[in-house]
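Notes to accompany the following structure.
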Amino acid sequence: MVAWLVFTSEGLVGYLGLLGYAVITNGDPGGPLAGPVFVVVAALIGFVAVPLLVAPAVLVAEATGRRRGRFVGALIGGGGAMLAAALCAAAVALVTDVSPGGAVLAGLVAALAVVGPVAAYAATAGAVRGLAQRARRPQPAPVDEEQFARLPS
């Protein structure tokens, strides 16, 4: 859920950036429905990308992190998600008859866009795991102060 929210908020920030660019350059802002449509498209992409890219990347990072350290695991998991997102975006761009330069740019933007959701998913999973371990720890038994005071010293 957190990774999906990050994708959706990235769509909102992307739209606001494009709107700012259109205002500065006196370009067409896209009409009144451009913003909501842009955010809905980002939310739909996140709905597909989280189970296909983000969750496997975090699982790979955790599995690798157990053997080689958390930093190396994060690099391998995050790098794998970035590579997969870049290849998917570039392939879609090429199939839809975009120039090769546009396909490279689409791959770069997709690779950068997946970093935030992967980090948010991993941080949330780690926090939930830590809280669950804390809740499962046995609590010390309560001590009766009067009985403790009567023990021989």
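Residues are named by chain letter and number: chains run A, B, ... in the order of the structure tokens, numbers start at 1 in each chain, and ligands are numbered from 1 in the order shown.
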Would you tabulate, counting only C-alpha atoms, all residues of range 65-134 of chain A that have an atom at most 12 Å from an atom of range 31-48 of chain A, showing the closest pair of atoms and their distance in Å to one decimal, sorted by chain then ascending number, as a Markdown table?
```
| residue | atom | partner | partner_atom | distance |
| --- | --- | --- | --- | --- |
| A:Ala85 | CA | A:Ile45 | CA | 11.1 |
| A:Cys88 | CA | A:Ile45 | CA | 11.9 |
| A:Ala89 | CA | A:Ile45 | CA | 11.1 |
| A:Ala110 | CA | A:Ile45 | CA | 10.6 |
| A:Ala113 | CA | A:Gly46 | CA | 10.2 |
| A:Val114 | CA | A:Gly46 | CA | 9.3 |
| A:Gly116 | CA | A:Gly46 | CA | 11.5 |
| A:Pro117 | CA | A:Gly46 | CA | 8.8 |
| A:Val118 | CA | A:Gly46 | CA | 11.3 |
```
Review point. Could you pull out all residues of range 24-77 of chain A with a DSSP call of alpha helix (DSSP H) and give them as an MDAnalysis selection string?
Key: chainID A and resid 24 34:49 55:68 70:77
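Using only C-alpha atoms for every distance, the candidate list A:Val115, A:Leu16, A:Ser99, A:Gln139 yields A:Leu16 as the residue closest to Gly30 in chain A.
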Practice item. Using only C-alpha atoms, find the one residue out of A:Ala86, A:Leu59, A:Val2, A:Val13 that sits nearest to Ala74 in chain A. Key: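 Result for the nearest residue to Ala74 in chain A: A:Leu59.
Take the candidates A:Ala122, A:Arg68, A:Gly102, A:Ala127 and check each one against Pro56 in chain A using only C-alpha atoms; the shortest distance goes to A:Ala122.
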**Study point:** Nearest residue to Ala57 in chain A from the set A:Val23, A:Tyr121, A:Ala135, A:Leu108 (distances using only C-alpha atoms)
**Key:**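 Using only C-alpha atoms, Ala57 in chain A sits closest to A:Tyr121.
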Exercise for review: Can you work out the spacing between CA of Pro100 in chain A and CA of Gly20 in chain A in Å, to one decimal?
Suggested key: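 Taking CA of Pro100 in chain A as the start and CA of Gly20 in chain A as the end point, the length is 26.8 Å.
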Point to revise | Atom-to-atom span, CA of Tyr21 in chain A and CA of Ala90 in chain A, Å | key: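 Going from CA of Tyr21 in chain A over to CA of Ala90 in chain A, I get 24.1 Å.
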Practice item. Kindly indicate which residue among A:Met82, A:Leu18, A:Leu94, A:Ala125 lies nearest to Ala111 in chain A, using only C-alpha atoms for the distances. Key: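 Among the listed residues, the smallest separation from Ala111 in chain A belongs to A:Met82.
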**Study point:** For CA of Gly78 in chain A and CA of Trp4 in chain A, the interatomic separation in Å (one decimal)
**Key:**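 For CA of Gly78 in chain A relative to CA of Trp4 in chain A, the distance reads 16.2 Å.
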